[in-house]
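Below is one structure, written out as structure tokens, with a few remarks after it.
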Amino acid sequence: MTSESINRIRNLLSAISLVILACGIFSGEDFSPEELVIDSVEANEIVTNSVERMQDILGFHFVIDRSGAPEFIDPEETISFTRAEGNFVAPNMVTATIRVILPGFVTEVDVVSIGDTQWQTNYLTGEWQELAPEYSFNPSILFHPETGIQSALANDLLDLEFVDIEEIDELPGLPLYLFKAAIIGTRTYTMTYGMIGPDKMTVQLWIAPDSFELYRLTIVEPGIEGAEDTNWQLDFWDFDQVIEIVPPIP
Amino acid sequence: MQARTPSSRAIIILILISIPIFIGALDLTVVSAVLPHVLVDFEIPLQTSLDDAAWIVTGYLLAYTVSMTFMGRLSDLYGRQKVFLAALGIFALGSYLVAVADTWPTRMVLRTYYMLASGRPDPSLISLWNLIAARVIQAIGAGAMVPVGMALVGDLYPPGRRARALGFIAAVDTAGWVVGHLYGGIVARFWDWRMIFWFNLPVCLLAFLLIWFLLRGVGQPRGEGRMDWLGALLITTSLSALILGLGTGAELSGSTGFEDQTALPPYAFPAMIVAILLLGLFIWRQLSAKHPLIPLTLFRTPNFSPASLANFFVGFSLFIAIANVPLFINLLIADTIEQGAWDSGWMLSALTVPMALIAVPGGWLTEKIGYRWPSAIGLLAAIVAFSLMMGWKSTTLYGTMIPQLVLAGLGFGLTLAPIASAVVDASPSEHRGTGSALVIIFRLIGMTAGVSSITTYALQRADKLSNQMLSSSADLSETIRVGVQVLEKVISETFLVAAVASALAVIPILFIRTKIKQGENNE
């Protein structure tokens with residue numbers, strides 16, 4: 001074989017590798033290594049295991065993303081929630097950066113929640129202030145092991161069914177169980193001070209088969225009378241990671 | 001070959017090449033009206049938008065300027081048709097990428113990131129940087145079309161008819177960025193802001209096919225020598241470092257972004273040093289190169305340097321108005337961002353339309369009394385206008401703002417013709433094209449420097465004033481009230497900066513010789 005032929009083969013292999021890589025990047029195909037059927041009894045068992053795992057977790061990193069119809073976090077309906085990213089430490093501590101939309105612009109504030117008490121940086125100066133309860137989106141209540149979203153998943157799911165095994169973009173190479181269900185919204189409505197719920201909603205859960213860790217939870221809140229739906233996506237990772245959270249000095 | 005080109009064909013080519021040049025210039029200012037819309041749509045937080053997002057404007061200005069400096073030379077070497085069509089293609093590609101910046105390109109970047117690294121970047125910021133990159137691609141094409149189009153006109157038109165055709169292209173280019181914000185406001189009012197960029201595509205495609213068809217068989221004179229790529233690289237990196245040093249892209253620390261923003265970013269000073277060093281190397285390169293990108297001997301001709309410096313300051317102060325008027329209206333007056341885009345577009349027209357309208361009488365006045373006095377009177381009018389604009393409050397009526405904007409527009413418009421004439425008349429005939437391009441380039445560099453330095457200044461002042469004026473126990477309504485006061489004060493101070501820059505422009509104007517007879521510099 002001449003060196004020219006070797007070069008041609010090498011170039012061809014490089015081109016094929018690039019095409020494969022590009023296909024991997026562009027494709028949104030589900031990952032289904034084999035046809036798998038999980039009946040409702042098994043599905044309930046997996047979700048129960050997942051809820052128990054979430055209740056035992058020492059801490060995790062989270063992102064909450066909202067899209068679709070706006071959800072306001074103040075009684076005057078001027079500040080709408082769009083995204084929060086932070087760390088939860090069991091049982092009731094959170095540090096997070098919350099992104100909100102005010103009329104005409106988007107801004108971010110830092111939040112520290114320890115139980116019912118919450119501090120937030122001022123929209124303008126960035127100085128810490130203790131937050132009045134009516135301006136509350138308190139992630140430490142949302143993630144509380146006994147009374148938070150875990151309890152809603154344990155008690156309020158209806159019509160749970162297994163959908164598929166699939167990967168999410170953020171975790172390539174990790175197949176996850178995907179489940180779908182309806183959820184009664186009254187409990188989520190209380191724990192989010194009216195942001196999520198109170199009507200019946202649709203949820204999807206992505207759970208790791210071995211560890212039962214819940215990596216993603218999506219909630220679709222139907223719009224009232226033909227209005228746009230509100231979509232929530234909650235992502236969790238860095239399980240059992242514990243960081244120090246202390247009350248800020250206002 | 002030019003002599004045999006039918007006149008009607010030359011006119012059609014002139015009109016056709018003017019269309020993409022107009023759209024390219026339109027896109028220079030179109031985002032000033034829709035920027036708040038874009039930032040809310042992409043969910044870009046204010047603390048990021050005030051620094052990183054400034055690159056949406058600055059990146060375009062910078063790439064447009066840099067592209068203008070060397071693409072004309074490239075067309076000398078590789079042919080006008082090829083380079084113009086390539087520039088048009090690049091502009092269309094950039095327009096498409098702007099329109100889809102937050103869709104598949106963001107997903108592609110994120111997927112690539114997840115495959116190669118751990119962690120989860122913020123999709124909003126990825127979308128923002130995709131948009132900025134797409135704007136830069138757009139600007140490389142748009143900036144190239146102006147000098148290449150002018151050179152093409154030089155090839156197609158005989159000397160006696162060339163000036164009018166070149167004037168037409170210059171007018172089309174100016175008209176584009178004069179009405180860009182108005183166009184943006186109208187589109188954003190009735191459609192999604194992305195339509196601005198989708199609309200570019202069919203126009204570019206049609207122009208591409210027609211220009212390709214009409215330029216077949218037209219002579220393509222090729223210049224001697226080689227492209228000075230090193231020179232192009234040096235001027236590009238020098239200008240980029242200058243803009244970085246002036247503060248665009250400054251990273252804000254802390255949670256809201258305002259706190260701790262009391263100094264320039266740590267890389268600002270080194271970036272300025274690098275910019276100066278690279279500029280020195282560029283000058284050395286231009287002096288030693290056999291075929292320089294810019295013949296520096298031009299700066300030794302009478303009037304050339306003072307007029308260029310004056311144009312830098314004009315660009316600087318003009319862009320403060322172009323950037324601040326939409327900011328003021330969006331943040332302090334309009335109830336919705338759609339209303340803000342619409343109002344900003346119309347209000348900016350009060351500045352730019354008089355500016356365009358007085359340019360022709362300004363030219364006539366220059367012929368009568370020389371360069372110096374029309375420029376000085378125009379700058380004086382701009383200084384008075386900016387001084388009045390310093391009094392704007394959130395309660396100021398549009399009826400009060402309009403006459404002040406008209407005065408500023410008339411003032412700037414009055415300076416355009418004398419400064420451009422001073423430069424072009426000072427240029428020897430063989431470098432007249434380069435001289436014409438440099439007039440625009442200096443104004444664009446001034447605009448770029450204006451928008452980036454004023455962003456840094458406004459951020460630091462907003463931080464300082466917020467901390468001074470807001471008590472630690474302030475509730476939301478108190479925070480909003482103080483926020484309005486802070487913005488009023490900061491914007492008022494930036495108008496003061498614009499007035500000072502206009503005053504600085506008067507100094508080089510005083511060094512301009514009253515009138516140079518045509519041909520005095522023709523070597």
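Please note that chains go A, B, ... in the order of the structure tokens, that every chain numbers its residues from 1, and that ligands are numbered from 1 in the order shown.
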- Leaving out stretch 503-509 of chain B and any residue of its chain fewer than 4 positions from it, which residues lie within 10 Å of it when counting only C-alpha atoms, given as number ranges by chain? B: 303, 305-317, 371-373, 375-380, 382-383, 415, 418-419, 497-499, 513-514
Per residue of chain A within 9 Å of chain B, record the nearest atom pair and its distance in Å to one decimal, counting only C-alpha atoms, with rows in chain order and ascending residue number, as a Markdown table.
| residue | atom | partner | partner_atom | distance |
| --- | --- | --- | --- | --- |
| A:Gly24 | CA | B:Arg111 | CA | 8.5 |
| A:Ile25 | CA | B:Arg111 | CA | 5.7 |
| A:Phe26 | CA | B:Met108 | CA | 6.3 |
| A:Thr82 | CA | B:Glu43 | CA | 7.9 |
| A:Thr97 | CA | B:Ser255 | CA | 7.5 |
| A:Arg99 | CA | B:Pro45 | CA | 7.1 |
| A:Val100 | CA | B:Pro45 | CA | 8.1 |
| A:Ile101 | CA | B:Val40 | CA | 7.5 |
| A:Pro103 | CA | B:Thr336 | CA | 7.0 |
| A:Gly104 | CA | B:Ile337 | CA | 5.6 |
| A:Phe105 | CA | B:Val40 | CA | 5.8 |
| A:Val106 | CA | B:Pro45 | CA | 4.5 |
| A:Thr107 | CA | B:Pro45 | CA | 4.3 |
| A:Glu108 | CA | B:Thr256 | CA | 5.8 |
| A:Val109 | CA | B:Thr256 | CA | 5.8 |
| A:Asp110 | CA | B:Ser255 | CA | 5.7 |
| A:Thr121 | CA | B:Ser255 | CA | 7.4 |
| A:Asn122 | CA | B:Thr256 | CA | 7.7 |
| A:Tyr123 | CA | B:Thr256 | CA | 6.5 |
| A:Leu124 | CA | B:Ser466 | CA | 6.5 |
| A:Thr125 | CA | B:Ser466 | CA | 5.7 |
| A:Gly126 | CA | B:Thr256 | CA | 5.3 |
| A:Glu127 | CA | B:Ser472 | CA | 6.8 |
| A:Trp128 | CA | B:Ser472 | CA | 7.8 |
| A:Gln129 | CA | B:Ser473 | CA | 6.8 |
| A:Glu130 | CA | B:Ser473 | CA | 8.7 |
| A:Asp169 | CA | B:Arg111 | CA | 6.1 |
| A:Glu170 | CA | B:Tyr114 | CA | 5.6 |
| A:Leu171 | CA | B:Tyr114 | CA | 7.0 |
| A:Pro172 | CA | B:Met115 | CA | 6.6 |
| A:Pro250 | CA | B:Ser472 | CA | 7.6 |
Residues as selected, C-alpha atoms, written as an mmCIF file, in the first residue's frame, can you do that?
data_model
loop_
_atom_site.group_PDB
_atom_site.id
_atom_site.type_symbol
_atom_site.label_atom_id
_atom_site.label_comp_id
_atom_site.auth_asym_id
_atom_site.auth_seq_id
_atom_site.Cartn_x
_atom_site.Cartn_y
_atom_site.Cartn_z
ATOM 1 C CA GLY A 24 -23.904 12.821 17.949
ATOM 2 C CA ILE A 25 -24.010 16.570 18.476
ATOM 3 C CA PHE A 26 -26.976 17.297 16.244
ATOM 4 C CA THR A 82 -37.439 32.593 35.095
ATOM 5 C CA THR A 97 -29.043 32.828 42.276
ATOM 6 C CA ARG A 99 -33.178 35.265 37.681
ATOM 7 C CA VAL A 100 -36.332 37.332 37.390
ATOM 8 C CA ILE A 101 -37.956 39.529 34.754
ATOM 9 C CA PRO A 103 -40.836 45.354 33.391
ATOM 10 C CA GLY A 104 -38.363 45.950 30.551
ATOM 11 C CA PHE A 105 -35.372 44.070 31.866
ATOM 12 C CA VAL A 106 -34.033 40.868 33.398
ATOM 13 C CA THR A 107 -32.024 40.772 36.603
ATOM 14 C CA GLU A 108 -30.532 38.316 39.074
ATOM 15 C CA VAL A 109 -30.515 38.247 42.852
ATOM 16 C CA ASP A 110 -28.727 36.011 45.314
ATOM 17 C CA THR A 121 -29.651 40.813 47.694
ATOM 18 C CA ASN A 122 -31.197 44.152 46.723
ATOM 19 C CA TYR A 123 -32.037 44.468 43.002
ATOM 20 C CA LEU A 124 -29.995 47.669 42.764
ATOM 21 C CA THR A 125 -27.216 47.704 45.338
ATOM 22 C CA GLY A 126 -26.652 44.002 45.899
ATOM 23 C CA GLU A 127 -26.801 44.429 49.687
ATOM 24 C CA TRP A 128 -28.347 41.610 51.687
ATOM 25 C CA GLN A 129 -31.856 42.145 53.047
ATOM 26 C CA GLU A 130 -34.147 39.862 55.002
ATOM 27 C CA ASP A 169 -28.108 16.155 26.774
ATOM 28 C CA GLU A 170 -26.376 17.186 29.974
ATOM 29 C CA LEU A 171 -25.425 13.614 30.882
ATOM 30 C CA PRO A 172 -24.215 11.855 27.744
ATOM 31 C CA PRO A 250 -27.425 42.478 56.063
#
- Quick one: everything within 6 Å of A:Val111, counting only C-alpha atoms, minus sequence neighbours fewer than 2 positions away in the same chain. Send it as a ChimeraX atom specification. /A:95-96,119-120
Output C-alpha atoms for every residue in the selection just made, as a CSV table (one decimal), in the first residue's frame.
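Below is the file selection_8.csv, written as the result:
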chain,number,residue,atom,x,y,z
A,95,THR,CA,-28.1,29.2,48.5
A,96,ALA,CA,-29.1,30.2,45.0
A,119,TRP,CA,-32.3,36.8,52.7
A,120,GLN,CA,-32.0,38.3,49.3
- Query: Among stretch 1-237 of chain A, which ones does DSSP place in helix (DSSP H, G or I), written as JSON, numbers by chain?
  - Reply: {"A": [3, 4, 5, 6, 7, 8, 9, 10, 11, 12, 13, 14, 15, 16, 17, 18, 19, 20, 21, 22, 23, 24, 25, 26, 40, 41, 42, 43, 44, 45, 46, 47, 48, 49, 50, 51, 52, 53, 54, 55, 56, 133, 134, 135, 139, 140, 141, 142, 149, 150, 151, 152, 153, 154, 155, 186, 187, 188, 189, 190, 191, 224, 225, 226]}
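If you measure from each of A:Thr218, A:Asn155, A:Thr202, A:Asn87 to A:His61 using only C-alpha atoms, the closest one turns out to be A:Asn87.
With distances restricted to only C-alpha atoms, B:Ser421 is the closest residue to B:Gly370 from B:Thr396, B:Ser421, B:Gln404, B:Ser18.
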- Task: Just the residues within 9 Å of A:Arg66, please, counting only C-alpha atoms, with nothing from its chain fewer than 3 positions along; format it as a count of residues only.
- Result: 11
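Nearest to B:Gln460 of all the residues B:Met401, B:Leu487, B:Ser349, B:Ile211 is B:Leu487, based on only C-alpha atoms.
A straight line drawn from atom CA of B:Arg481 to atom CA of B:Ser394 is 10.9 Å long.
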- Message: To test your reading of the structure, identify every residue in stretch 124-249 of chain A that backbone DSSP assigns to strand (DSSP E or B), and report it as JSON, numbers by chain.
- Response: {"A": [128, 129, 130, 157, 158, 159, 160, 161, 162, 163, 164, 165, 166, 176, 177, 178, 179, 180, 181, 182, 183, 201, 202, 203, 204, 205, 206, 207, 214, 215, 216, 217, 218, 219, 220, 221, 230, 231, 232, 233, 234, 235, 236, 237]}
Could you write those residues out with C-alpha atoms, as a PDB file, in the first residue's frame?
ATOM      1  CA  TRP A 128     -28.347  41.610  51.687  1.00  0.00           C
ATOM      2  CA  GLN A 129     -31.856  42.145  53.047  1.00  0.00           C
ATOM      3  CA  GLU A 130     -34.147  39.862  55.002  1.00  0.00           C
ATOM      4  CA  LEU A 157     -48.789  11.163  41.522  1.00  0.00           C
ATOM      5  CA  LEU A 158     -51.581   9.660  39.417  1.00  0.00           C
ATOM      6  CA  ASP A 159     -51.477   7.311  36.405  1.00  0.00           C
ATOM      7  CA  LEU A 160     -47.736   6.723  36.608  1.00  0.00           C
ATOM      8  CA  GLU A 161     -46.362   5.003  33.517  1.00  0.00           C
ATOM      9  CA  PHE A 162     -42.958   4.091  32.137  1.00  0.00           C
ATOM     10  CA  VAL A 163     -42.162   5.812  28.851  1.00  0.00           C
ATOM     11  CA  ASP A 164     -38.672   4.834  27.745  1.00  0.00           C
ATOM     12  CA  ILE A 165     -35.010   4.722  28.581  1.00  0.00           C
ATOM     13  CA  GLU A 166     -33.275   7.844  27.367  1.00  0.00           C
ATOM     14  CA  LEU A 176     -32.170   7.094  32.564  1.00  0.00           C
ATOM     15  CA  TYR A 177     -35.665   5.736  33.142  1.00  0.00           C
ATOM     16  CA  LEU A 178     -38.274   8.170  31.910  1.00  0.00           C
ATOM     17  CA  PHE A 179     -41.676   8.104  33.625  1.00  0.00           C
ATOM     18  CA  LYS A 180     -44.786  10.146  32.991  1.00  0.00           C
ATOM     19  CA  ALA A 181     -47.660  10.881  35.390  1.00  0.00           C
ATOM     20  CA  ALA A 182     -50.253  13.397  36.448  1.00  0.00           C
ATOM     21  CA  ILE A 183     -49.823  15.226  39.736  1.00  0.00           C
ATOM     22  CA  MET A 201     -50.499  18.967  36.076  1.00  0.00           C
ATOM     23  CA  THR A 202     -48.357  16.630  34.001  1.00  0.00           C
ATOM     24  CA  VAL A 203     -44.939  15.512  35.235  1.00  0.00           C
ATOM     25  CA  GLN A 204     -42.042  13.589  33.743  1.00  0.00           C
ATOM     26  CA  LEU A 205     -39.233  12.070  35.794  1.00  0.00           C
ATOM     27  CA  TRP A 206     -35.773  10.936  34.668  1.00  0.00           C
ATOM     28  CA  ILE A 207     -34.376   8.464  37.220  1.00  0.00           C
ATOM     29  CA  LEU A 214     -33.772  11.840  40.224  1.00  0.00           C
ATOM     30  CA  TYR A 215     -31.848  13.841  37.622  1.00  0.00           C
ATOM     31  CA  ARG A 216     -34.688  15.725  36.028  1.00  0.00           C
ATOM     32  CA  LEU A 217     -38.288  16.565  36.805  1.00  0.00           C
ATOM     33  CA  THR A 218     -40.503  18.481  34.394  1.00  0.00           C
ATOM     34  CA  ILE A 219     -43.906  19.880  35.258  1.00  0.00           C
ATOM     35  CA  VAL A 220     -46.377  21.222  32.708  1.00  0.00           C
ATOM     36  CA  GLU A 221     -48.984  23.507  34.194  1.00  0.00           C
ATOM     37  CA  THR A 230     -46.177  27.080  32.082  1.00  0.00           C
ATOM     38  CA  ASN A 231     -43.297  24.618  31.835  1.00  0.00           C
ATOM     39  CA  TRP A 232     -41.003  23.894  34.755  1.00  0.00           C
ATOM     40  CA  GLN A 233     -37.797  21.923  34.503  1.00  0.00           C
ATOM     41  CA  LEU A 234     -35.927  20.970  37.673  1.00  0.00           C
ATOM     42  CA  ASP A 235     -32.468  19.437  37.217  1.00  0.00           C
ATOM     43  CA  PHE A 236     -30.446  17.891  40.043  1.00  0.00           C
ATOM     44  CA  TRP A 237     -26.812  16.753  40.196  1.00  0.00           C
TER      45      TRP A 237
END
Contacts of B:Leu246 at 6 Å (only C-alpha atoms; same-chain gap of 3+ positions) as a PDB file with C-alpha atoms, in the first residue's frame:
ATOM      1  CA  ILE B 243     -12.095  48.127  22.837  1.00  0.00           C
ATOM      2  CA  SER B 452     -17.522  50.786  25.109  1.00  0.00           C
ATOM      3  CA  SER B 453     -16.072  53.462  27.372  1.00  0.00           C
TER       4      SER B 453
END
- Would you mind listing what lies within 12 Å of B:Phe386 as number ranges by chain, with only C-alpha atoms counted and same-chain residues fewer than 3 positions away left out? B: 317-318, 320-321, 324-325, 351, 379-383, 389-392, 401, 403-409, 411-412, 491-503
- Message: Report as a PyMOL selection string all protein, DNA and RNA residues lying within 12 Å of B:Phe199, evaluated on only C-alpha atoms, omitting residues in the same chain fewer than 3 positions from it.
- Response: chain B and resi 20+23+27+92+95-96+98-99+183-184+187+191-196+202-206
Preceding selection exported with N, CA and C atoms as a PDB file, in the first residue's frame:
ATOM      1  N   PRO B  20     -27.472  45.921  -0.882  1.00  0.00           N
ATOM      2  CA  PRO B  20     -26.857  45.252   0.279  1.00  0.00           C
ATOM      3  C   PRO B  20     -26.020  46.194   1.150  1.00  0.00           C
ATOM      4  N   ILE B  23     -28.478  47.753   3.457  1.00  0.00           N
ATOM      5  CA  ILE B  23     -28.922  46.825   4.511  1.00  0.00           C
ATOM      6  C   ILE B  23     -27.812  46.612   5.546  1.00  0.00           C
ATOM      7  N   ASP B  27     -28.117  47.562   9.505  1.00  0.00           N
ATOM      8  CA  ASP B  27     -27.902  46.645  10.625  1.00  0.00           C
ATOM      9  C   ASP B  27     -26.871  47.160  11.623  1.00  0.00           C
ATOM     10  N   ALA B  92     -25.042  37.576   4.523  1.00  0.00           N
ATOM     11  CA  ALA B  92     -26.287  36.787   4.572  1.00  0.00           C
ATOM     12  C   ALA B  92     -26.165  35.661   5.595  1.00  0.00           C
ATOM     13  N   SER B  95     -26.530  37.102   8.969  1.00  0.00           N
ATOM     14  CA  SER B  95     -27.931  37.462   9.245  1.00  0.00           C
ATOM     15  C   SER B  95     -28.718  36.227   9.670  1.00  0.00           C
ATOM     16  N   TYR B  96     -28.512  35.131   8.940  1.00  0.00           N
ATOM     17  CA  TYR B  96     -29.202  33.881   9.286  1.00  0.00           C
ATOM     18  C   TYR B  96     -28.816  33.426  10.694  1.00  0.00           C
ATOM     19  N   VAL B  98     -27.754  35.212  13.183  1.00  0.00           N
ATOM     20  CA  VAL B  98     -28.347  36.084  14.207  1.00  0.00           C
ATOM     21  C   VAL B  98     -29.782  35.634  14.473  1.00  0.00           C
ATOM     22  N   ALA B  99     -30.523  35.389  13.373  1.00  0.00           N
ATOM     23  CA  ALA B  99     -31.942  35.034  13.508  1.00  0.00           C
ATOM     24  C   ALA B  99     -32.142  33.726  14.273  1.00  0.00           C
ATOM     25  N   TYR B 183     -36.253  51.553  11.607  1.00  0.00           N
ATOM     26  CA  TYR B 183     -36.646  50.288  10.990  1.00  0.00           C
ATOM     27  C   TYR B 183     -36.769  49.193  12.075  1.00  0.00           C
ATOM     28  N   GLY B 184     -35.764  49.150  12.968  1.00  0.00           N
ATOM     29  CA  GLY B 184     -35.794  48.168  14.054  1.00  0.00           C
ATOM     30  C   GLY B 184     -37.016  48.346  14.943  1.00  0.00           C
ATOM     31  N   VAL B 187     -40.192  47.131  13.044  1.00  0.00           N
ATOM     32  CA  VAL B 187     -40.270  45.659  12.946  1.00  0.00           C
ATOM     33  C   VAL B 187     -40.609  45.060  14.313  1.00  0.00           C
ATOM     34  N   TRP B 191     -43.670  42.638  14.536  1.00  0.00           N
ATOM     35  CA  TRP B 191     -43.236  41.250  14.410  1.00  0.00           C
ATOM     36  C   TRP B 191     -42.180  40.959  15.461  1.00  0.00           C
ATOM     37  N   ASP B 192     -41.679  39.730  15.392  1.00  0.00           N
ATOM     38  CA  ASP B 192     -40.554  39.346  16.241  1.00  0.00           C
ATOM     39  C   ASP B 192     -39.297  40.074  15.725  1.00  0.00           C
ATOM     40  N   TRP B 193     -38.409  40.496  16.628  1.00  0.00           N
ATOM     41  CA  TRP B 193     -37.210  41.228  16.201  1.00  0.00           C
ATOM     42  C   TRP B 193     -36.348  40.421  15.237  1.00  0.00           C
ATOM     43  N   ARG B 194     -36.457  39.079  15.298  1.00  0.00           N
ATOM     44  CA  ARG B 194     -35.649  38.232  14.404  1.00  0.00           C
ATOM     45  C   ARG B 194     -35.996  38.467  12.936  1.00  0.00           C
ATOM     46  N   MET B 195     -37.224  38.973  12.686  1.00  0.00           N
ATOM     47  CA  MET B 195     -37.639  39.207  11.294  1.00  0.00           C
ATOM     48  C   MET B 195     -36.713  40.195  10.588  1.00  0.00           C
ATOM     49  N   ILE B 196     -36.113  41.112  11.363  1.00  0.00           N
ATOM     50  CA  ILE B 196     -35.153  42.067  10.780  1.00  0.00           C
ATOM     51  C   ILE B 196     -34.093  41.292  10.002  1.00  0.00           C
ATOM     52  N   PRO B 202     -33.781  36.983   1.666  1.00  0.00           N
ATOM     53  CA  PRO B 202     -34.217  37.007   0.255  1.00  0.00           C
ATOM     54  C   PRO B 202     -33.614  38.182  -0.521  1.00  0.00           C
ATOM     55  N   VAL B 203     -33.444  39.316   0.153  1.00  0.00           N
ATOM     56  CA  VAL B 203     -32.860  40.497  -0.522  1.00  0.00           C
ATOM     57  C   VAL B 203     -31.428  40.178  -0.934  1.00  0.00           C
ATOM     58  N   CYS B 204     -30.674  39.584  -0.006  1.00  0.00           N
ATOM     59  CA  CYS B 204     -29.270  39.238  -0.305  1.00  0.00           C
ATOM     60  C   CYS B 204     -29.190  38.215  -1.431  1.00  0.00           C
ATOM     61  N   LEU B 205     -30.074  37.226  -1.393  1.00  0.00           N
ATOM     62  CA  LEU B 205     -30.053  36.177  -2.418  1.00  0.00           C
ATOM     63  C   LEU B 205     -30.313  36.779  -3.798  1.00  0.00           C
ATOM     64  N   LEU B 206     -31.344  37.630  -3.862  1.00  0.00           N
ATOM     65  CA  LEU B 206     -31.687  38.255  -5.135  1.00  0.00           C
ATOM     66  C   LEU B 206     -30.542  39.146  -5.623  1.00  0.00           C
TER      67      LEU B 206
END
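The space separating atom CA of B:Val136 from atom CA of B:Gly72 comes to 18.2 Å.
The space between atom CA of B:Met71 and atom CA of B:Ile56 spans 22.0 Å.
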